[in-house]
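Q: Please find upload_38.txt (compact mmCIF, C-alpha atoms) on the next line:
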# COMPACT_ATOMS: atom_id res chain seq x y z
CA MET H 864 7.10 -25.21 44.97
CA THR H 865 4.76 -22.39 46.00
CA ILE H 866 6.38 -22.15 49.42
CA LEU H 867 9.84 -22.28 47.85
CA ARG H 868 8.97 -19.45 45.47
CA THR H 869 7.58 -17.42 48.37
CA LEU H 870 10.78 -17.94 50.34
CA ILE H 871 12.86 -16.84 47.34
CA VAL H 872 10.72 -13.71 46.95
CA LEU H 873 11.09 -12.89 50.65
CA LEU H 874 14.84 -13.33 50.47
CA VAL H 875 15.07 -11.11 47.38
CA LEU H 876 13.01 -8.49 49.18
CA ALA H 877 15.27 -8.82 52.17
CA ALA H 878 18.39 -8.37 50.07
CA THR H 879 16.87 -5.33 48.38
CA ALA H 880 15.90 -3.83 51.73
CA ALA H 881 19.38 -4.49 53.07
CA CYS H 882 20.86 -2.45 50.23
CA ALA H 883 18.50 0.46 50.75
CA THR H 884 19.70 3.60 52.42
CA SER H 885 19.10 3.39 56.16
CA THR H 886 17.44 6.30 57.93
CA GLN H 887 16.27 7.01 61.46
CA LEU H 888 12.83 5.73 60.51
CA TYR H 889 14.03 2.17 60.06
CA ARG H 890 16.41 1.87 63.02
CA PRO H 891 15.22 1.13 66.58
CA GLY H 892 15.08 4.17 68.81
CA PRO H 893 17.16 4.70 71.96
CA SER H 894 14.56 3.21 74.33
CA THR H 895 11.77 0.65 74.37
CA LEU H 896 8.48 0.01 76.16
CA GLY H 897 8.28 -2.76 78.71
CA ALA H 898 5.36 -4.48 80.40
CA GLU H 899 5.53 -3.26 83.97
CA PRO H 900 2.52 -3.61 86.29
CA VAL H 901 0.14 -0.66 86.01
CA THR H 902 -0.29 0.83 89.47
CA ASP H 903 -1.20 4.37 88.37
CA PHE H 904 -2.64 4.94 84.89
CA ASP H 905 -1.79 8.65 84.80
CA ARG H 906 1.82 7.86 85.68
CA TYR H 907 1.81 5.19 82.94
CA VAL H 908 0.69 7.77 80.36
CA GLU H 909 3.43 10.15 81.45
CA SER H 910 6.08 7.44 81.06
CA VAL H 911 4.77 6.53 77.60
CA LYS H 912 4.78 10.21 76.63
CA ALA H 913 8.47 10.44 77.54
CA TYR H 914 9.15 7.29 75.50
CA VAL H 915 7.23 8.50 72.43
CA ASP H 916 8.82 11.94 72.63
CA THR H 917 12.27 10.31 72.73
CA ASN H 918 11.72 7.76 69.94
CA LEU H 919 9.33 9.51 67.59
CA VAL H 920 10.52 10.26 64.07
CA PRO H 921 7.74 12.60 62.91
CA VAL H 922 6.16 12.46 59.47
CA ASP H 923 5.96 15.58 57.35
CA GLY H 924 2.92 17.81 57.35
CA PHE H 925 1.95 17.61 61.03
CA GLU H 926 3.33 19.30 64.15
CA ARG H 927 5.65 17.04 66.10
CA GLU H 928 4.02 17.69 69.48
CA GLN H 929 0.61 16.89 68.03
CA GLN H 930 1.97 13.61 66.67
CA VAL H 931 3.25 12.70 70.14
CA LEU H 932 -0.20 13.33 71.63
CA TRP H 933 -2.04 11.42 68.89
CA ASN H 934 0.00 8.28 69.60
CA LEU H 935 -0.40 8.24 73.38
CA PRO H 936 -2.62 5.85 75.34
CA TYR H 937 -5.50 7.48 77.19
CA ARG H 938 -8.30 6.98 79.68
CA LEU H 939 -11.76 8.45 79.19
CA GLU H 940 -13.88 8.66 82.32
CA PRO H 941 -17.67 8.16 82.12
CA ALA H 942 -19.60 11.34 81.33
CA ALA H 943 -20.45 13.63 84.25
CA VAL H 944 -24.16 12.76 84.00
CA CYS H 945 -23.48 9.08 84.74
CA SER H 946 -24.53 7.63 88.09
CA SER H 947 -21.99 6.92 90.82
CA GLY H 948 -23.11 3.31 91.20
CA ASP H 949 -21.40 0.22 89.80
CA ARG H 950 -18.73 1.13 87.29
CA THR H 951 -18.13 -0.50 83.91
CA GLY H 952 -14.82 -0.29 82.04
CA ILE H 953 -13.23 -1.60 78.89
CA LEU H 954 -9.62 -2.04 77.80
CA LEU H 955 -9.12 -1.54 74.05
CA VAL H 956 -6.01 -2.92 72.28
CA HIS H 957 -4.92 -1.46 68.94
CA GLY H 958 -3.71 -3.25 65.82
CA LEU H 959 -0.35 -3.98 64.22
CA SER H 960 1.61 -0.86 63.18
CA ASP H 961 -1.29 1.17 64.58
CA SER H 962 -1.80 3.27 67.71
CA PRO H 963 -4.51 3.99 70.32
CA PHE H 964 -5.73 6.80 68.04
CA VAL H 965 -7.81 4.22 66.15
CA PHE H 966 -10.22 4.03 69.13
CA ARG H 967 -10.73 7.78 69.57
CA ASP H 968 -14.28 7.81 68.19
CA LEU H 969 -15.49 4.61 69.85
CA ALA H 970 -13.94 5.68 73.17
CA ARG H 971 -15.83 8.98 73.14
CA TYR H 972 -19.08 7.21 72.27
CA LEU H 973 -18.71 4.69 75.11
CA ALA H 974 -17.60 7.25 77.69
CA ASP H 975 -20.73 9.29 76.91
CA ARG H 976 -22.69 6.11 77.72
CA CYS H 977 -21.07 5.66 81.11
CA VAL H 978 -18.24 3.25 80.24
CA GLU H 979 -14.70 4.03 81.36
CA VAL H 980 -12.36 3.44 78.41
CA ARG H 981 -8.66 2.69 78.65
CA THR H 982 -6.14 2.08 75.88
CA LEU H 983 -2.49 1.11 75.86
CA LEU H 984 0.45 1.47 73.48
CA LEU H 985 1.91 -1.86 72.43
CA GLN H 986 5.69 -2.19 72.39
CA GLY H 987 7.24 -1.01 69.12
CA HIS H 988 4.33 1.21 68.13
CA GLY H 989 3.60 4.93 68.00
CA THR H 990 7.13 6.13 67.24
CA ARG H 991 8.96 4.83 64.14
CA PRO H 992 8.81 1.61 62.06
CA GLY H 993 12.31 0.73 63.28
CA ASP H 994 10.96 0.08 66.77
CA MET H 995 9.00 -2.88 65.38
CA VAL H 996 12.29 -4.65 64.61
CA THR H 997 12.72 -5.57 68.28
CA ALA H 998 9.05 -5.80 69.40
CA SER H 999 7.92 -9.00 71.12
CA ALA H 1000 4.58 -10.82 71.20
CA ASP H 1001 5.34 -11.95 74.75
CA VAL H 1002 5.69 -8.33 75.86
CA TRP H 1003 2.41 -7.46 74.10
CA ARG H 1004 0.64 -10.24 75.98
CA ASP H 1005 2.13 -9.08 79.28
CA GLN H 1006 1.07 -5.50 78.57
CA VAL H 1007 -2.51 -6.57 77.89
CA ARG H 1008 -2.66 -8.71 81.01
CA ASN H 1009 -1.22 -6.02 83.28
CA HIS H 1010 -3.56 -3.35 81.96
CA PHE H 1011 -6.62 -5.55 82.25
CA ILE H 1012 -5.73 -6.49 85.81
CA ALA H 1013 -5.38 -2.79 86.67
CA LEU H 1014 -8.72 -1.95 85.04
CA SER H 1015 -10.54 -4.82 86.76
CA GLN H 1016 -9.32 -3.54 90.15
CA ASP H 1017 -10.81 -0.10 89.51
CA VAL H 1018 -14.23 -0.98 88.05
CA ASP H 1019 -17.02 -3.40 88.94
CA ARG H 1020 -17.37 -4.94 85.48
CA ALA H 1021 -14.43 -5.02 83.05
CA PHE H 1022 -14.63 -5.82 79.34
CA ILE H 1023 -11.79 -6.31 76.89
CA GLY H 1024 -11.69 -5.46 73.20
CA GLY H 1025 -9.33 -5.04 70.33
CA PHE H 1026 -8.87 -4.33 66.65
CA SER H 1027 -6.98 -6.63 64.25
CA LEU H 1028 -3.80 -7.73 66.11
CA GLY H 1029 -5.34 -6.23 69.24
CA GLY H 1030 -8.45 -8.33 68.66
CA ALA H 1031 -6.31 -11.47 68.66
CA LEU H 1032 -4.45 -10.36 71.80
CA ALA H 1033 -7.75 -9.59 73.53
CA THR H 1034 -9.12 -13.00 72.48
CA ASP H 1035 -6.01 -14.78 73.75
CA TYR H 1036 -6.41 -13.11 77.14
CA ALA H 1037 -10.20 -13.46 77.36
CA LEU H 1038 -10.07 -17.21 76.71
CA SER H 1039 -7.08 -17.86 78.96
CA GLU H 1040 -7.37 -19.14 82.50
CA THR H 1041 -5.04 -16.57 84.06
CA GLY H 1042 -6.07 -13.29 85.64
CA PRO H 1043 -9.51 -11.75 86.07
CA ARG H 1044 -12.16 -12.95 83.59
CA PRO H 1045 -13.66 -10.26 81.34
CA GLU H 1046 -17.42 -9.77 81.27
CA GLY H 1047 -17.26 -9.92 77.50
CA LEU H 1048 -15.01 -9.68 74.43
CA ILE H 1049 -15.33 -7.07 71.67
CA ALA H 1050 -13.33 -8.12 68.60
CA ILE H 1051 -13.23 -5.77 65.59
CA ALA H 1052 -11.74 -7.51 62.53
CA PRO H 1053 -9.62 -9.65 64.86
CA ALA H 1054 -6.52 -11.37 63.47
CA TRP H 1055 -7.75 -14.91 64.13
CA GLN H 1056 -6.65 -15.91 60.64
CA LEU H 1057 -5.10 -13.85 57.84
CA ASN H 1058 -5.83 -13.78 54.14
CA GLY H 1059 -3.05 -14.70 51.73
CA LEU H 1060 0.01 -14.66 53.98
CA ARG H 1061 -1.29 -17.01 56.66
CA ASP H 1062 0.54 -20.03 55.20
CA TYR H 1063 3.85 -18.15 55.02
CA LEU H 1064 4.19 -16.37 58.34
CA TRP H 1065 6.59 -19.08 59.46
CA LEU H 1066 9.01 -17.85 56.75
CA ALA H 1067 9.34 -14.41 58.33
CA PRO H 1068 11.88 -15.47 61.00
CA ILE H 1069 14.04 -17.00 58.25
CA ALA H 1070 13.98 -13.85 56.14
CA ASP H 1071 14.56 -11.77 59.29
CA VAL H 1072 18.10 -13.17 59.39
CA PHE H 1073 18.90 -11.34 56.14
CA ALA H 1074 17.24 -7.95 56.66
CA ASP H 1075 14.82 -6.06 58.89
CA PHE H 1076 12.08 -4.95 56.50
CA VAL H 1077 9.81 -6.57 53.93
CA GLU H 1078 9.10 -3.12 52.55
CA LYS H 1079 10.10 0.43 53.39
CA GLU H 1080 7.23 2.67 52.40
CA PRO H 1081 6.96 6.46 52.52
CA GLU H 1082 5.57 7.32 55.95
CA LEU H 1083 2.66 9.74 55.45
CA ASN H 1084 0.44 8.73 58.38
CA PRO H 1085 1.31 10.18 61.82
CA VAL H 1086 -0.62 7.44 63.72
CA LYS H 1087 0.14 4.26 61.76
CA TYR H 1088 3.22 2.78 60.09
CA GLU H 1089 3.17 1.92 56.38
CA SER H 1090 6.52 0.06 56.38
CA PHE H 1091 6.46 -3.60 57.48
CA SER H 1092 9.28 -5.47 59.20
CA PHE H 1093 9.96 -9.20 59.07
CA ASN H 1094 9.86 -9.25 62.86
CA ALA H 1095 6.33 -7.83 62.78
CA GLY H 1096 5.34 -10.83 60.65
CA SER H 1097 6.99 -13.19 63.12
CA GLN H 1098 5.29 -11.66 66.15
CA ILE H 1099 1.79 -11.46 64.67
CA GLY H 1100 2.21 -15.08 63.59
CA ASP H 1101 2.90 -15.95 67.22
CA VAL H 1102 -0.19 -14.06 68.40
CA ILE H 1103 -2.46 -15.61 65.77
CA SER H 1104 -1.26 -19.10 66.63
CA ALA H 1105 -2.00 -18.52 70.32
CA ALA H 1106 -5.45 -17.03 69.69
CA GLN H 1107 -6.39 -19.83 67.29
CA GLY H 1108 -5.29 -22.38 69.86
CA ARG H 1109 -7.51 -20.80 72.51
CA ILE H 1110 -10.51 -20.90 70.15
CA ILE H 1111 -10.07 -24.28 68.52
CA GLN H 1112 -9.31 -26.23 71.68
CA GLN H 1113 -12.84 -25.53 72.96
CA GLU H 1114 -15.95 -27.01 71.36
CA SER H 1115 -18.22 -24.51 73.08
CA ILE H 1116 -17.13 -21.09 74.35
CA ASP H 1117 -19.44 -19.27 76.75
CA MET H 1118 -17.48 -15.98 76.73
CA PRO H 1119 -19.89 -13.26 75.51
CA LEU H 1120 -18.62 -12.03 72.14
CA PHE H 1121 -19.27 -9.03 69.90
CA LEU H 1122 -17.62 -9.45 66.51
CA ALA H 1123 -17.42 -7.09 63.52
CA ALA H 1124 -15.72 -7.34 60.14
CA THR H 1125 -15.95 -6.29 56.52
CA GLU H 1126 -16.48 -8.77 53.71
CA ALA H 1127 -13.88 -7.00 51.56
CA ASP H 1128 -11.14 -7.20 54.22
CA SER H 1129 -7.77 -7.70 52.52
CA VAL H 1130 -6.15 -8.64 55.84
CA ILE H 1131 -8.53 -10.85 57.84
CA ASN H 1132 -10.16 -14.12 56.72
CA LEU H 1133 -13.87 -13.47 57.19
CA GLU H 1134 -14.93 -17.07 56.56
CA PHE H 1135 -12.84 -18.23 59.52
CA LEU H 1136 -14.38 -15.56 61.77
CA VAL H 1137 -17.93 -16.47 60.78
CA THR H 1138 -17.32 -20.20 61.21
CA GLN H 1139 -15.88 -19.79 64.71
CA PHE H 1140 -18.64 -17.36 65.69
CA ARG H 1141 -21.37 -19.75 64.55
CA GLU H 1142 -19.88 -23.05 65.69
CA ARG H 1143 -17.90 -22.31 68.87
CA PHE H 1144 -19.14 -19.11 70.50
CA SER H 1145 -22.39 -20.45 71.90
CA ASN H 1146 -23.73 -17.55 73.98
CA SER H 1147 -27.21 -16.62 72.72
CA GLY H 1148 -26.48 -12.96 73.43
CA ASN H 1149 -23.52 -12.84 71.07
CA ALA H 1150 -23.70 -10.46 68.11
CA MET H 1151 -21.82 -9.99 64.85
CA VAL H 1152 -21.94 -7.12 62.37
CA ILE H 1153 -20.70 -7.68 58.81
CA PHE H 1154 -20.28 -4.83 56.33
CA ARG H 1155 -20.93 -6.24 52.86
CA ASP H 1156 -22.44 -5.57 49.47
CA THR H 1157 -26.02 -6.55 50.23
CA ARG H 1158 -26.93 -6.73 46.53
CA THR H 1159 -25.65 -10.31 46.69
CA PRO H 1160 -27.27 -12.87 49.02
CA TRP H 1161 -25.53 -14.23 52.09
CA PRO H 1162 -24.90 -18.00 51.82
CA ASP H 1163 -27.57 -20.08 53.55
CA ALA H 1164 -24.84 -22.32 54.94
CA GLN H 1165 -23.51 -19.36 56.98
CA ALA H 1166 -26.86 -18.07 58.18
CA ASP H 1167 -27.14 -17.09 61.84
CA GLU H 1168 -29.81 -14.92 63.43
CA ARG H 1169 -27.14 -13.26 65.57
CA ILE H 1170 -25.42 -11.81 62.46
CA ARG H 1171 -26.47 -8.38 61.20
CA PHE H 1172 -25.51 -6.98 57.79
CA LEU H 1173 -24.87 -3.35 56.84
CA ASN H 1174 -24.49 -2.37 53.19
CA SER H 1175 -20.95 -1.49 52.16
CA TYR H 1176 -21.71 -0.54 48.56
CA LEU H 1177 -22.55 3.17 48.73
CA PRO H 1178 -22.23 4.65 45.21
CA ASP H 1179 -23.57 8.06 46.25
CA ALA H 1180 -20.41 8.40 48.40
CA ASN H 1181 -18.14 6.75 45.77
CA ILE H 1182 -17.67 3.77 48.10
CA LEU H 1183 -17.28 0.33 46.53
CA GLU H 1184 -16.67 -1.52 49.81
CA PHE H 1185 -15.28 -1.05 53.32
CA SER H 1186 -11.61 -1.50 54.18
CA HIS H 1187 -10.08 -3.19 57.21
CA GLN H 1188 -8.88 0.13 58.64
CA SER H 1189 -12.14 2.02 58.17
CA LEU H 1190 -14.39 0.18 60.62
CA LEU H 1191 -13.68 2.11 63.85
CA VAL H 1192 -13.44 5.59 62.34
CA ALA H 1193 -16.30 8.11 62.43
CA PRO H 1194 -16.98 10.33 59.40
CA ASP H 1195 -15.93 13.42 61.41
CA ASN H 1196 -12.59 11.98 62.60
CA GLU H 1197 -9.88 14.65 62.60
CA LEU H 1198 -7.38 12.60 60.55
CA TYR H 1199 -9.36 9.95 58.66
CA GLY H 1200 -12.84 11.48 58.33
CA LEU H 1201 -14.47 13.17 55.36
CA GLY H 1202 -12.26 16.03 54.19
CA ALA H 1203 -9.60 15.24 56.82
CA PRO H 1204 -5.88 15.16 55.92
CA LEU H 1205 -5.66 11.36 55.42
CA GLN H 1206 -9.07 10.68 53.90
CA ARG H 1207 -8.12 11.02 50.23
CA CYS H 1208 -5.41 8.96 48.51
CA LEU H 1209 -4.21 6.98 51.52
CA GLU H 1210 -2.74 3.87 49.87
CA PRO H 1211 -4.25 4.27 46.39
CA ASN H 1212 -4.73 1.07 44.38
CA ASN H 1213 -2.85 0.70 41.08
CA ILE H 1214 -2.20 4.41 40.73
CA SER H 1215 0.60 6.59 42.06
CA LEU H 1216 0.05 8.88 45.01
CA GLU H 1217 0.59 11.92 42.82
CA GLY H 1218 -1.73 10.54 40.15
CA CYS H 1219 -4.40 9.91 42.76
CA ARG H 1220 -4.14 13.44 44.12
CA GLN H 1221 -4.65 14.86 40.65
CA LEU H 1222 -7.86 12.93 40.01
CA PRO H 1223 -11.11 14.92 40.01
CA GLU H 1224 -13.14 14.20 43.13
CA GLU H 1225 -15.86 12.36 41.23
CA ASP H 1226 -13.32 9.98 39.62
CA LEU H 1227 -11.85 8.61 42.83
CA TRP H 1228 -13.67 5.77 44.57
CA PHE H 1229 -12.94 4.15 47.91
CA SER H 1230 -12.47 0.49 48.74
CA ALA H 1231 -10.36 -2.06 50.53
CA TRP H 1232 -6.75 -2.50 49.43
CA HIS H 1233 -6.28 -4.53 46.24
CA ASP H 1234 -3.28 -5.60 44.18
CA THR H 1235 -5.37 -6.15 41.06
CA GLU H 1236 -6.94 -3.60 38.75
CA ARG H 1237 -10.43 -2.31 39.52
CA PRO H 1238 -12.98 -0.87 37.10
CA VAL H 1239 -12.44 2.58 38.66
CA TYR H 1240 -9.56 4.31 40.44
CA THR H 1241 -9.71 3.56 44.15
CA SER H 1242 -8.03 4.58 47.37
CA ARG H 1243 -8.35 2.87 50.73
CA LEU H 1244 -11.53 3.87 52.57
CA THR H 1245 -10.51 5.53 55.83
CA TYR H 1246 -13.82 6.00 57.66
CA ASN H 1247 -17.03 4.11 58.35
CA PRO H 1248 -20.29 5.74 57.16
CA TRP H 1249 -22.11 3.31 59.50
CA PHE H 1250 -19.92 4.17 62.50
CA GLU H 1251 -22.84 5.22 64.71
CA ASP H 1252 -24.56 1.89 64.05
CA LEU H 1253 -21.42 -0.04 64.95
CA ALA H 1254 -20.79 2.01 68.10
CA GLU H 1255 -24.42 1.60 69.17
CA ALA H 1256 -24.17 -2.17 68.66
CA VAL H 1257 -21.03 -2.29 70.84
CA GLY H 1258 -22.73 -0.18 73.50
CA THR H 1259 -25.82 -2.39 73.46
CA PHE H 1260 -23.68 -5.50 73.84
CA ILE H 1261 -21.85 -4.03 76.85
CA GLN H 1262 -25.11 -2.90 78.43
CA ALA H 1263 -26.66 -6.36 78.01
CA ASN H 1264 -23.69 -8.04 79.67
CA GLU H 1265 -23.48 -5.47 82.46
CA SER H 1266 -26.85 -6.61 83.72
CA ARG H 1267 -26.46 -10.37 83.30
CA GLU H 1268 -26.22 -12.42 86.45
CA ALA H 1269 -22.79 -13.78 87.36
CA PRO H 1270 -22.56 -17.57 86.90
Would you mind writing the structure in this file as structure tokens?
A:
Amino acid sequence: MTILRTLIVLLVLAATAACATSTQLYRPGPSTLGAEPVTDFDRYVESVKAYVDTNLVPVDGFEREQQVLWNLPYRLEPAAVCSSGDRTGILLVHGLSDSPFVFRDLARYLADRCVEVRTLLLQGHGTRPGDMVTASADVWRDQVRNHFIALSQDVDRAFIGGFSLGGALATDYALSETGPRPEGLIAIAPAWQLNGLRDYLWLAPIADVFADFVEKEPELNPVKYESFSFNAGSQIGDVISAAQGRIIQQESIDMPLFLAATEADSVINLEFLVTQFRERFSNSGNAMVIFRDTRTPWPDAQADERIRFLNSYLPDANILEFSHQSLLVAPDNELYGLGAPLQRCLEPNNISLEGCRQLPEEDLWFSAWHDTERPVYTSRLTYNPWFEDLAEAVGTFIQANESREAP
């Protein structure tokens, strides 16, 4: 009966969405991204810029040209002070409805520490929510493979990493038997299993027959969609299934892994991540960082000396807990950081946007997204006060696996 009720709700949402007024935002643009081999990264960026410029429906409050630039993939070369010896690189894959902008701060940190960083723009992203209606998980996988092959041809040691959906795509590639093998996997809140909706993703293709969108939200963020299409649910379900299959089919996985997540994540199932990290990823050099309220003890049954905890309850900063989206963002980020345009009242919980904006600064707290009432007014936390610690842990992991002997 629960599944039947969920299907009915999805179909009602679909019917409602179908009756809504259609705008450019919710229709696919005139062109789409493919998954061609990457023979010249600079030429790739230029082609993506032309695509974004053609398809972008800009959000209000930001210059259009700046929005185009924010959504583009990029390459950061190692700092000038780095030696000219063996080169290390990493390909970073962004999350669902997101863009390469999410890696800006980590990319700068790693480049300063002599790692070449490359990102890519997944099909359907960086332009308008309507482009997600026709996006394909198979194309995403091909894009990741082609970009990693290109990176591995240009550096001596190539790593792969990703956030959320990108973490699942990176995992799928890293544990596959096709193409060059990464030196290690960096997975930030990877979509290995979802909270809540994981049992119902198979319903998305059914509802997709009736309408394109689960919800059409006001688009206020120039680097991430708020609206969610049924096709997006179908495609992320495909990616999660593939990544889970890669993980579960192996009793012991020797791929070096760095994993990070927040205990309050409304999107990702932390218990599944911890279980797989402890029971399947056997490399002694693996590391995991969990952001959690350290006032409560961690269960003994999930203890692992490779797991490090950082406190996510920071009342002096009005922070109740860390959100899914906050992990990779530095406090000085130009869009999400302290005092930046998106830091306050992005997706407020159980209060209107206007009501949130009218709250005195001391009355607004920051947390993960919730659909239940909290003891205080909260908005989604957009940055990570412990960003330097996370970036340093990623850098240390890469450095450790740069120097390990090849098997």
Q: Can you tell me, as a list in words, what residues are no more than 9 Å from Ile1261 in chain H when counting all atoms listed in the file, ignoring any on the same chain fewer than 2 positions away?
A: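 The contact residues come out as Thr951, Val978, Phe1022, Glu1046, Gly1047, Ile1049, Phe1121, Ala1256, Val1257, Gly1258, Thr1259, Ala1263, Asn1264, Glu1265 and Ser1266 of chain H.
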Q: Of the residues H:Val922, H:Ile953, H:Ile1153, H:Ala1127, which is the one nearest to Leu1083 in chain H, using only C-alpha atoms?
A: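 Of H:Val922, H:Ile953, H:Ile1153, H:Ala1127, the one nearest Leu1083 in chain H, counting only C-alpha atoms, is H:Val922.
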Q: Between H:Trp1055, H:Tyr1199, H:Trp1232, H:Phe1144, which is the closest to Phe1185 in chain H once you count all atoms listed in the file?
A: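 Among the listed residues, the smallest separation from Phe1185 in chain H belongs to H:Trp1232.
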Q: Given the choices H:Ser1215, H:Thr1138, H:Asn1247, H:Gln929, which gets closest to Glu1184 in chain H if the distance is worked out from only C-alpha atoms?
A: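 Comparing H:Ser1215, H:Thr1138, H:Asn1247, H:Gln929 against Glu1184 in chain H, the winner is H:Asn1247.
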Q: Check the smallest atom-to-atom distance from each of H:Gln1112, H:Ala898, H:Glu1210, H:Arg1169 to Phe1260 in chain H using all atoms listed in the file, then report the winner.
A: H:Arg1169
Q: Residues at most 6 Å from Cys977 in chain H, counting only C-alpha atoms, excluding those fewer than 5 positions away in the same chain, as a ChimeraX atom specification?
A: /H:941-942,945
Q: Please indicate the distance in Å from CA of Ala1095 in chain H to CA of Ala998 in chain H, rounded to one decimal place.
A: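 CA of Ala1095 in chain H sits 7.4 Å away from CA of Ala998 in chain H.
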Q: Near Arg890 in chain H, counting all atoms listed in the file, which residues have an atom at most 8 Å away, once you skip same-chain residues fewer than 5 positions from it, shown as a PyMOL selection string?
A: chain H and resi 885+992-994+996
Q: Store the residues picked out above in a file with C-alpha atoms, as an mmCIF file, keeping the file's coordinate frame.
A:
data_model
loop_
_atom_site.group_PDB
_atom_site.id
_atom_site.type_symbol
_atom_site.label_atom_id
_atom_site.label_comp_id
_atom_site.auth_asym_id
_atom_site.auth_seq_id
_atom_site.Cartn_x
_atom_site.Cartn_y
_atom_site.Cartn_z
ATOM 1 C CA SER H 885 19.100 3.390 56.160
ATOM 2 C CA PRO H 992 8.810 1.610 62.060
ATOM 3 C CA GLY H 993 12.310 0.730 63.280
ATOM 4 C CA ASP H 994 10.960 0.080 66.770
ATOM 5 C CA VAL H 996 12.290 -4.650 64.610
#
Q: For a quick check of understanding, using only C-alpha atoms, which of H:Met995, H:Leu1244, H:Leu935, H:Val944 has the smallest distance to Arg981 in chain H?
A: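 For Arg981 in chain H, the nearest of the candidates is H:Leu935.
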